[in-house]
file structure_8.cif (mmCIF, C-alpha atoms)
data_query
#
loop_
_atom_site.label_atom_id
_atom_site.label_comp_id
_atom_site.auth_asym_id
_atom_site.auth_seq_id
_atom_site.Cartn_x
_atom_site.Cartn_y
_atom_site.Cartn_z
CA MET A 80 0.00 0.00 0.00
CA HIS A 81 1.35 3.42 -1.00
CA GLU A 82 1.71 5.95 1.80
CA ILE A 83 3.88 8.73 3.18
CA LYS A 84 4.13 8.84 6.95
CA ILE A 85 5.42 12.03 8.56
CA LEU A 86 7.57 11.20 11.56
CA LYS A 87 7.39 13.65 14.47
CA ASN A 88 10.24 16.17 14.06
CA GLY A 89 11.74 13.73 11.57
CA PRO A 90 11.63 12.67 7.93
CA TYR A 91 8.93 11.52 5.54
CA LEU A 92 8.81 7.73 5.59
CA VAL A 93 7.73 6.53 2.16
CA LYS A 94 6.28 3.03 1.87
CA GLY A 95 4.90 0.88 -0.92
CA SER A 96 7.58 0.91 -3.62
CA ILE A 97 6.77 4.42 -4.84
CA PRO A 98 8.95 5.50 -7.80
CA LEU A 99 11.29 8.41 -7.06
CA ASP A 100 12.96 10.74 -9.54
CA HIS A 101 13.99 14.38 -9.94
CA ALA A 102 12.27 17.21 -11.81
CA ARG A 103 13.37 20.56 -13.16
CA ALA A 104 11.29 23.25 -14.84
CA VAL A 105 12.00 23.88 -18.53
CA LEU A 106 12.12 27.61 -19.26
CA ASN A 107 11.12 29.46 -22.42
CA PHE A 108 12.98 32.36 -24.07
CA PHE A 109 11.55 34.77 -21.49
CA SER A 110 12.67 32.57 -18.55
CA PHE A 111 9.14 31.47 -17.70
CA PRO A 112 8.64 27.77 -16.91
CA VAL A 113 6.58 25.97 -19.54
CA SER A 114 7.04 22.25 -18.87
CA TRP A 115 8.85 19.72 -16.68
CA LYS A 116 11.93 17.62 -17.30
CA PHE A 117 12.08 14.39 -15.29
CA TYR A 118 15.43 12.65 -14.80
CA GLN A 119 17.67 10.67 -12.43
CA ALA A 120 15.18 7.97 -11.54
CA HIS A 121 16.28 6.12 -8.40
CA PRO A 122 16.17 2.30 -8.24
CA LEU A 123 12.77 1.20 -6.98
CA MET A 124 12.84 0.77 -3.19
CA ASP A 125 10.24 -0.82 -0.92
CA SER A 126 10.62 2.09 1.50
CA TYR A 127 12.84 5.10 2.04
CA ALA A 128 13.06 8.22 4.22
CA LEU A 129 13.14 11.69 2.67
CA CYS A 130 14.67 14.63 4.51
CA ARG A 131 12.27 17.17 5.98
CA CYS A 132 14.66 19.36 7.98
CA GLY A 133 16.81 20.57 5.06
CA LYS A 134 20.10 19.68 6.77
CA THR A 135 20.85 16.25 5.34
CA LYS A 136 24.23 15.64 3.70
CA THR A 137 22.66 12.95 1.48
CA PRO A 138 19.77 14.77 -0.25
CA PRO A 139 17.02 13.91 -0.81
CA PHE A 140 17.36 11.14 1.76
CA CYS A 141 17.38 11.55 5.54
CA ASP A 142 20.75 11.02 7.26
CA GLY A 143 19.57 11.72 10.80
CA SER A 144 20.59 15.39 10.80
CA HIS A 145 17.20 16.38 12.23
CA GLN A 146 18.26 14.88 15.55
CA LYS A 147 21.57 16.74 15.69
CA GLU A 148 19.95 20.00 14.62
CA GLY A 149 17.04 19.72 17.03
CA PHE A 150 14.57 20.09 14.18
CA ILE A 151 10.99 20.99 15.13
CA GLY A 152 8.61 20.19 12.30
CA GLU A 153 5.22 21.08 13.73
CA GLU A 154 2.43 20.59 11.21
CA VAL A 155 0.30 23.72 10.99
CA ALA A 156 -1.47 23.46 7.61
CA ASP A 157 -5.21 23.98 7.33
CA VAL A 158 -6.74 20.49 7.34
CA ARG A 159 -10.06 21.52 5.81
CA PRO A 160 -10.91 19.81 2.49
CA PHE A 161 -9.62 21.73 -0.52
CA ASP A 162 -13.13 22.57 -1.75
CA GLU A 163 -13.99 24.17 1.59
CA ALA A 164 -10.90 26.37 1.76
CA MET A 165 -10.40 27.35 -1.90
CA LYS A 166 -11.64 30.39 -3.82
CA MET A 167 -13.63 29.75 -7.01
CA ILE A 168 -12.79 31.92 -10.01
CA HIS A 169 -15.30 31.82 -12.88
CA GLY A 170 -14.43 32.54 -16.50
CA PRO A 171 -16.20 32.26 -19.86
CA SER A 172 -13.95 29.46 -21.13
CA LEU A 173 -11.97 28.16 -18.17
CA SER A 174 -12.77 28.43 -14.48
CA MET A 175 -10.35 27.69 -11.68
CA LYS A 176 -10.20 26.72 -8.04
CA ASP A 177 -7.45 28.53 -6.13
CA LEU A 178 -6.07 27.80 -2.66
CA ARG A 179 -3.30 30.34 -2.18
CA SER A 180 -1.82 28.80 0.98
CA LEU A 181 -0.53 25.86 -1.11
CA CYS A 182 1.55 28.04 -3.44
CA MET A 183 5.21 26.98 -3.71
CA LEU A 184 6.18 29.72 -6.21
CA ALA A 185 6.77 27.37 -9.14
CA ASN A 186 5.77 30.31 -11.39
CA PHE A 187 4.02 28.38 -14.19
CA CYS A 188 0.95 30.54 -13.56
CA ASN A 189 2.70 33.78 -14.62
CA ILE A 190 2.99 32.95 -18.31
CA ASN A 191 1.00 35.18 -20.71
CA ARG A 192 0.40 37.88 -18.07
CA ASN A 193 -0.72 35.20 -15.60
CA VAL A 194 -3.53 32.69 -15.69
CA TRP A 195 -5.89 34.83 -13.57
CA ASN A 196 -6.00 37.44 -16.34
CA GLN A 197 -6.49 34.71 -18.94
CA ILE A 198 -9.38 33.16 -17.02
CA GLU A 199 -11.32 36.42 -17.35
CA LYS A 200 -11.30 36.16 -21.16
CA ALA A 201 -13.17 34.14 -23.76
CA LEU A 202 -10.20 32.07 -24.88
CA LYS A 203 -9.36 30.98 -28.40
CA PRO A 204 -8.33 27.32 -28.74
CA LYS A 205 -4.58 28.02 -28.54
CA GLN A 206 -5.01 30.36 -25.57
CA TYR A 207 -7.24 27.79 -23.89
CA GLU A 208 -4.60 25.06 -24.22
CA GLN A 209 -1.75 27.30 -23.05
CA THR A 210 -3.68 28.47 -20.01
CA LEU A 211 -4.86 24.95 -19.19
CA LYS A 212 -1.31 23.57 -19.37
CA ALA A 213 0.03 26.37 -17.19
CA ILE A 214 -2.53 25.51 -14.51
CA GLN A 215 -1.95 21.77 -14.82
CA HIS A 216 1.84 22.19 -14.51
CA CYS A 217 1.39 23.74 -11.06
CA PRO A 218 2.96 21.00 -8.88
CA SER A 219 1.42 22.08 -5.58
CA GLY A 220 -2.20 21.65 -6.66
CA ARG A 221 -2.96 25.23 -5.64
CA LEU A 222 -4.77 25.70 -8.95
CA VAL A 223 -7.38 23.29 -10.31
CA PRO A 224 -8.79 23.95 -13.82
CA ILE A 225 -12.42 23.43 -14.82
CA ASP A 226 -13.94 23.62 -18.28
CA THR A 227 -16.65 26.23 -17.85
CA LYS A 228 -18.92 24.84 -20.56
CA THR A 229 -18.93 21.22 -19.38
CA GLY A 230 -18.15 21.75 -15.71
CA LYS A 231 -15.52 19.01 -15.97
CA THR A 232 -12.46 19.17 -13.72
CA LEU A 233 -9.33 18.91 -15.88
CA GLU A 234 -6.75 17.58 -13.45
CA PRO A 235 -3.63 16.02 -15.02
CA PHE A 236 -3.23 12.26 -14.57
CA PHE A 237 -0.26 10.88 -12.66
CA ASP A 238 0.67 7.38 -11.59
CA PRO A 239 1.64 7.28 -7.90
CA SER A 240 5.16 8.71 -7.83
CA ILE A 241 7.40 11.29 -6.18
CA SER A 242 9.68 13.84 -7.81
CA ILE A 243 12.33 15.92 -6.07
CA ILE A 244 12.02 19.40 -7.55
CA GLU A 245 15.38 21.10 -8.07
CA GLU A 246 15.28 24.90 -8.31
CA ASN A 247 17.75 26.84 -10.43
CA GLY A 248 20.16 23.90 -10.58
CA TYR A 249 20.55 23.65 -6.79
CA THR A 250 19.94 20.11 -5.52
CA ASP A 251 19.12 21.33 -2.00
CA GLN A 252 16.45 23.79 -3.17
CA GLY A 253 12.93 22.74 -4.07
CA ALA A 254 9.98 20.75 -2.85
CA ILE A 255 8.91 17.12 -2.77
CA TRP A 256 6.28 16.68 -5.47
CA VAL A 257 3.81 13.96 -4.52
CA LYS A 258 1.67 12.74 -7.42
CA GLY A 259 -1.10 10.28 -8.10
CA GLY A 260 -3.17 10.34 -4.92
CA ILE A 261 -0.67 9.00 -2.39
CA PRO A 262 -2.01 9.18 1.19
CA ILE A 263 0.01 11.47 3.46
CA ILE A 264 -0.31 10.61 7.14
CA SER A 265 0.52 13.24 9.75
CA SER A 266 2.72 12.61 12.75
CA THR A 267 -0.46 12.42 14.84
CA GLY A 268 -2.05 9.76 12.64
CA PHE A 269 -4.37 12.06 10.70
CA THR A 270 -4.56 11.44 6.93
CA TYR A 271 -4.53 14.62 4.86
CA GLU A 272 -7.02 14.92 2.03
CA ILE A 273 -5.82 12.71 -0.83
CA ARG A 274 -5.15 14.78 -3.95
CA HIS A 275 -3.65 14.34 -7.42
CA ARG A 276 -0.68 16.62 -6.72
CA VAL A 277 0.79 18.30 -3.67
CA THR A 278 4.23 19.57 -2.70
CA LEU A 279 5.84 18.85 0.66
CA CYS A 280 8.48 21.01 2.34
CA ARG A 281 12.06 19.71 2.36
CA CYS A 282 13.88 22.83 3.60
CA GLY A 283 12.42 22.68 7.11
CA GLN A 284 11.24 26.31 7.03
CA SER A 285 7.74 26.29 5.58
CA GLY A 286 5.08 28.25 7.42
CA ASN A 287 2.51 25.78 6.09
CA MET A 288 4.04 22.49 7.25
CA PRO A 289 4.04 19.87 5.95
CA PHE A 290 3.36 21.60 2.64
CA CYS A 291 5.86 23.77 0.77
CA ASP A 292 5.25 27.54 0.74
CA GLY A 293 8.26 28.57 -1.34
CA ARG A 294 10.51 29.62 1.53
CA HIS A 295 13.36 27.48 0.18
CA LEU A 296 13.82 30.18 -2.46
CA LEU A 297 14.94 32.63 0.22
CA ASN A 298 18.10 30.52 0.69
CA SER A 299 18.87 30.18 -2.99
CA PRO A 300 22.02 32.08 -4.08
CA GLU A 301 19.96 33.53 -6.94
CA TYR A 302 17.72 35.32 -4.45
CA GLN A 303 20.39 36.58 -2.07
#

call {"tool": "encode", "arguments": {"input": "structure_8.cif", "output": "structure tokens"}}
result
Amino acid sequence: MHEIKILKNGPYLVKGSIPLDHARAVLNFFSFPVSWKFYQAHPLMDSYALCRCGKTKTPPFCDGSHQKEGFIGEEVADVRPFDEAMKMIHGPSLSMKDLRSLCMLANFCNINRNVWNQIEKALKPKQYEQTLKAIQHCPSGRLVPIDTKTGKTLEPFFDPSISIIEENGYTDQGAIWVKGGIPIISSTGFTYEIRHRVTLCRCGQSGNMPFCDGRHLLNSPEYQ
């Protein structure tokens, strides 16, 4: 059975032979991300522990540094179902659910003057596809697209898998991208709402633990 168990003040314990690889955003000419590149697939393991404190010397795997560092990883995220906490944005062609607290600053949404501006318009077929892809590429699941005419939710399909997102070429910067409806169990035994895509913190600094809120970017040399 696939699952991710969050250990109290410790790592994410992944069980059930869940594939693990790495992911990096592919940028266009204007340095906006437009797609994902997946690479460096790890050998399939029955179980493994992923670092949550951001101090491991063997990323992305835990090496016990959380104990030496005295890591406190209190989980503070809103546990309401997504549909209770999100904001609904209606548009003539595409509509969108938006839960801002899940944002990890992946920046796919800012293409073409951002998807919020696009949602307001009656979109031509090419614009529709570009906007839809931008929303679907959001790894955190903050944004969920809906076809306004049919009312159909247009979530991307993923097999159960995990990708370590690497920001700006830095292996210690980025989130843990959980895909395909893998249950995430809190350190208290509570199971978070199962979703198609979420991103977990791996820098140890998120203000929305266990989910990533983009604070890893503050430590990136590009932002200092």

call {"tool": "residues_around", "arguments": {"input": "structure_8.cif", "residues": "range 268-277 of chain A", "least_positions_apart": "4", "cutoff": "7 Å", "atoms": "all atoms listed in the file", "output": "mmCIF file with C-alpha atoms, in the coordinates of the input"}}
result
data_model
loop_
_atom_site.group_PDB
_atom_site.id
_atom_site.type_symbol
_atom_site.label_atom_id
_atom_site.label_comp_id
_atom_site.auth_asym_id
_atom_site.auth_seq_id
_atom_site.Cartn_x
_atom_site.Cartn_y
_atom_site.Cartn_z
ATOM 1 C CA VAL A 158 -6.740 20.490 7.340
ATOM 2 C CA PRO A 160 -10.910 19.810 2.490
ATOM 3 C CA PRO A 218 2.960 21.000 -8.880
ATOM 4 C CA SER A 219 1.420 22.080 -5.580
ATOM 5 C CA GLY A 220 -2.200 21.650 -6.660
ATOM 6 C CA TRP A 256 6.280 16.680 -5.470
ATOM 7 C CA VAL A 257 3.810 13.960 -4.520
ATOM 8 C CA LYS A 258 1.670 12.740 -7.420
ATOM 9 C CA GLY A 259 -1.100 10.280 -8.100
ATOM 10 C CA GLY A 260 -3.170 10.340 -4.920
ATOM 11 C CA ILE A 261 -0.670 9.000 -2.390
ATOM 12 C CA PRO A 262 -2.010 9.180 1.190
ATOM 13 C CA ILE A 263 0.010 11.470 3.460
ATOM 14 C CA ILE A 264 -0.310 10.610 7.140
#

call {"tool": "closest_residue", "arguments": {"input": "structure_8.cif", "among": "A:Asn107, A:Ser172, A:Gln206, A:Ser285", "to": "Leu297 in chain A", "atoms": "all atoms listed in the file"}}
result
A:Ser285

call {"tool": "closest_residue", "arguments": {"input": "structure_8.cif", "among": "A:Gln146, A:Asn193, A:Asn186, A:Thr210", "to": "Leu173 in chain A", "atoms": "only C-alpha atoms"}}
result
A:Thr210

call {"tool": "closest_residue", "arguments": {"input": "structure_8.cif", "among": "A:Lys84, A:Lys147, A:Lys212, A:Lys134", "to": "Leu279 in chain A", "atoms": "all atoms listed in the file"}}
result
A:Lys84

call {"tool": "resolve_selection", "arguments": {"input": "structure_8.cif", "expression": "the PyMOL selection byres ((chain A and resi 207) around 12)", "output": "PyMOL selection string"}}
result
chain A and resi 170-174+191+194+197-206+208-214+224-227

call {"tool": "write_last_selection", "arguments": {"input": "structure_8.cif", "atoms": "C-alpha atoms", "output": "PDB file, keeping the file's coordinate frame"}}
result
ATOM      1  CA  GLY A 170     -14.430  32.540 -16.500  1.00  0.00           C
ATOM      2  CA  PRO A 171     -16.200  32.260 -19.860  1.00  0.00           C
ATOM      3  CA  SER A 172     -13.950  29.460 -21.130  1.00  0.00           C
ATOM      4  CA  LEU A 173     -11.970  28.160 -18.170  1.00  0.00           C
ATOM      5  CA  SER A 174     -12.770  28.430 -14.480  1.00  0.00           C
ATOM      6  CA  ASN A 191       1.000  35.180 -20.710  1.00  0.00           C
ATOM      7  CA  VAL A 194      -3.530  32.690 -15.690  1.00  0.00           C
ATOM      8  CA  GLN A 197      -6.490  34.710 -18.940  1.00  0.00           C
ATOM      9  CA  ILE A 198      -9.380  33.160 -17.020  1.00  0.00           C
ATOM     10  CA  GLU A 199     -11.320  36.420 -17.350  1.00  0.00           C
ATOM     11  CA  LYS A 200     -11.300  36.160 -21.160  1.00  0.00           C
ATOM     12  CA  ALA A 201     -13.170  34.140 -23.760  1.00  0.00           C
ATOM     13  CA  LEU A 202     -10.200  32.070 -24.880  1.00  0.00           C
ATOM     14  CA  LYS A 203      -9.360  30.980 -28.400  1.00  0.00           C
ATOM     15  CA  PRO A 204      -8.330  27.320 -28.740  1.00  0.00           C
ATOM     16  CA  LYS A 205      -4.580  28.020 -28.540  1.00  0.00           C
ATOM     17  CA  GLN A 206      -5.010  30.360 -25.570  1.00  0.00           C
ATOM     18  CA  GLU A 208      -4.600  25.060 -24.220  1.00  0.00           C
ATOM     19  CA  GLN A 209      -1.750  27.300 -23.050  1.00  0.00           C
ATOM     20  CA  THR A 210      -3.680  28.470 -20.010  1.00  0.00           C
ATOM     21  CA  LEU A 211      -4.860  24.950 -19.190  1.00  0.00           C
ATOM     22  CA  LYS A 212      -1.310  23.570 -19.370  1.00  0.00           C
ATOM     23  CA  ALA A 213       0.030  26.370 -17.190  1.00  0.00           C
ATOM     24  CA  ILE A 214      -2.530  25.510 -14.510  1.00  0.00           C
ATOM     25  CA  PRO A 224      -8.790  23.950 -13.820  1.00  0.00           C
ATOM     26  CA  ILE A 225     -12.420  23.430 -14.820  1.00  0.00           C
ATOM     27  CA  ASP A 226     -13.940  23.620 -18.280  1.00  0.00           C
ATOM     28  CA  THR A 227     -16.650  26.230 -17.850  1.00  0.00           C
TER      29      THR A 227
END

call {"tool": "atom_distance", "arguments": {"input": "structure_8.cif", "atom1": "CA of Pro90 in chain A", "atom2": "CA of Ser144 in chain A"}}
result
9.8 Å

call {"tool": "atom_distance", "arguments": {"input": "structure_8.cif", "atom1": "CA of Lys87 in chain A", "atom2": "CA of Gly286 in chain A"}}
result
16.4 Å

call {"tool": "atom_distance", "arguments": {"input": "structure_8.cif", "atom1": "CA of Gly253 in chain A", "atom2": "CA of Gly133 in chain A"}}
result
10.2 Å

call {"tool": "closest_residue", "arguments": {"input": "structure_8.cif", "among": "A:Val93, A:Leu106, A:Leu222, A:Met175", "to": "Glu246 in chain A", "atoms": "only C-alpha atoms"}}
result
A:Leu106

call {"tool": "decode", "arguments": {"input": "structure_8.cif", "residues": "range 163-174 of chain A", "atoms": "all heavy atoms", "output": "mmCIF file, in the first residue's frame"}}
result
data_model
loop_
_atom_site.group_PDB
_atom_site.id
_atom_site.type_symbol
_atom_site.label_atom_id
_atom_site.label_comp_id
_atom_site.auth_asym_id
_atom_site.auth_seq_id
_atom_site.Cartn_x
_atom_site.Cartn_y
_atom_site.Cartn_z
ATOM 1 N N GLU A 163 -13.473 23.285 0.557
ATOM 2 C CA GLU A 163 -13.991 24.172 1.587
ATOM 3 C C GLU A 163 -13.129 25.417 1.750
ATOM 4 O O GLU A 163 -13.622 26.487 2.100
ATOM 5 C CB GLU A 163 -14.086 23.445 2.927
ATOM 6 C CG GLU A 163 -15.194 22.418 3.017
ATOM 7 C CD GLU A 163 -15.312 21.829 4.408
ATOM 8 O OE1 GLU A 163 -14.728 22.404 5.358
ATOM 9 O OE2 GLU A 163 -15.968 20.785 4.552
ATOM 10 N N ALA A 164 -11.837 25.278 1.503
ATOM 11 C CA ALA A 164 -10.896 26.369 1.762
ATOM 12 C C ALA A 164 -10.585 27.209 0.528
ATOM 13 O O ALA A 164 -10.140 28.360 0.656
ATOM 14 C CB ALA A 164 -9.598 25.805 2.335
ATOM 15 N N MET A 165 -10.815 26.668 -0.669
ATOM 16 C CA MET A 165 -10.400 27.349 -1.895
ATOM 17 C C MET A 165 -11.335 28.494 -2.269
ATOM 18 O O MET A 165 -12.448 28.635 -1.777
ATOM 19 C CB MET A 165 -10.313 26.331 -3.045
ATOM 20 C CG MET A 165 -11.632 25.678 -3.436
ATOM 21 S SD MET A 165 -12.649 26.678 -4.557
ATOM 22 C CE MET A 165 -14.152 25.707 -4.648
ATOM 23 N N LYS A 166 -10.849 29.317 -3.213
ATOM 24 C CA LYS A 166 -11.638 30.385 -3.823
ATOM 25 C C LYS A 166 -11.969 29.967 -5.252
ATOM 26 O O LYS A 166 -11.085 29.523 -5.990
ATOM 27 C CB LYS A 166 -10.846 31.694 -3.834
ATOM 28 C CG LYS A 166 -11.554 32.850 -4.533
ATOM 29 C CD LYS A 166 -10.678 34.093 -4.544
ATOM 30 C CE LYS A 166 -11.366 35.245 -5.273
ATOM 31 N NZ LYS A 166 -10.498 36.460 -5.307
ATOM 32 N N MET A 167 -13.213 30.114 -5.653
ATOM 33 C CA MET A 167 -13.634 29.745 -7.006
ATOM 34 C C MET A 167 -13.577 30.972 -7.907
ATOM 35 O O MET A 167 -14.101 32.040 -7.560
ATOM 36 C CB MET A 167 -15.050 29.184 -6.984
ATOM 37 C CG MET A 167 -15.493 28.616 -8.305
ATOM 38 S SD MET A 167 -14.603 27.095 -8.685
ATOM 39 C CE MET A 167 -15.095 26.840 -10.390
ATOM 40 N N ILE A 168 -12.915 30.824 -9.038
ATOM 41 C CA ILE A 168 -12.790 31.915 -10.006
ATOM 42 C C ILE A 168 -13.472 31.467 -11.301
ATOM 43 O O ILE A 168 -13.066 30.484 -11.917
ATOM 44 C CB ILE A 168 -11.311 32.254 -10.270
ATOM 45 C CG1 ILE A 168 -10.621 32.629 -8.956
ATOM 46 C CG2 ILE A 168 -11.194 33.393 -11.276
ATOM 47 C CD1 ILE A 168 -9.122 32.755 -9.066
ATOM 48 N N HIS A 169 -14.511 32.196 -11.702
ATOM 49 C CA HIS A 169 -15.297 31.823 -12.879
ATOM 50 C C HIS A 169 -14.832 32.599 -14.104
ATOM 51 O O HIS A 169 -14.517 33.790 -14.026
ATOM 52 C CB HIS A 169 -16.779 32.089 -12.627
ATOM 53 C CG HIS A 169 -17.361 31.265 -11.520
ATOM 54 N ND1 HIS A 169 -17.755 29.965 -11.699
ATOM 55 C CD2 HIS A 169 -17.593 31.573 -10.220
ATOM 56 C CE1 HIS A 169 -18.219 29.491 -10.552
ATOM 57 N NE2 HIS A 169 -18.130 30.439 -9.640
ATOM 58 N N GLY A 170 -14.777 31.905 -15.245
ATOM 59 C CA GLY A 170 -14.429 32.540 -16.502
ATOM 60 C C GLY A 170 -15.303 32.010 -17.611
ATOM 61 O O GLY A 170 -15.934 30.956 -17.468
ATOM 62 N N PRO A 171 -15.343 32.692 -18.757
ATOM 63 C CA PRO A 171 -16.200 32.265 -19.862
ATOM 64 C C PRO A 171 -15.752 30.974 -20.542
ATOM 65 O O PRO A 171 -16.578 30.247 -21.095
ATOM 66 C CB PRO A 171 -16.146 33.440 -20.835
ATOM 67 C CG PRO A 171 -14.893 34.182 -20.481
ATOM 68 C CD PRO A 171 -14.701 33.989 -19.012
ATOM 69 N N SER A 172 -14.466 30.674 -20.488
ATOM 70 C CA SER A 172 -13.952 29.457 -21.133
ATOM 71 C C SER A 172 -13.412 28.467 -20.104
ATOM 72 O O SER A 172 -13.768 27.297 -20.095
ATOM 73 C CB SER A 172 -12.836 29.813 -22.121
ATOM 74 O OG SER A 172 -13.294 30.680 -23.126
ATOM 75 N N LEU A 173 -12.525 28.954 -19.261
ATOM 76 C CA LEU A 173 -11.966 28.157 -18.174
ATOM 77 C C LEU A 173 -12.337 28.804 -16.843
ATOM 78 O O LEU A 173 -12.355 30.034 -16.721
ATOM 79 C CB LEU A 173 -10.446 28.080 -18.280
ATOM 80 C CG LEU A 173 -9.835 27.015 -19.184
ATOM 81 C CD1 LEU A 173 -8.326 27.218 -19.274
ATOM 82 C CD2 LEU A 173 -10.140 25.608 -18.693
ATOM 83 N N SER A 174 -12.632 27.976 -15.866
ATOM 84 C CA SER A 174 -12.773 28.428 -14.485
ATOM 85 C C SER A 174 -11.670 27.758 -13.677
ATOM 86 O O SER A 174 -10.974 26.865 -14.163
ATOM 87 C CB SER A 174 -14.157 28.083 -13.951
ATOM 88 O OG SER A 174 -15.164 28.791 -14.673
#
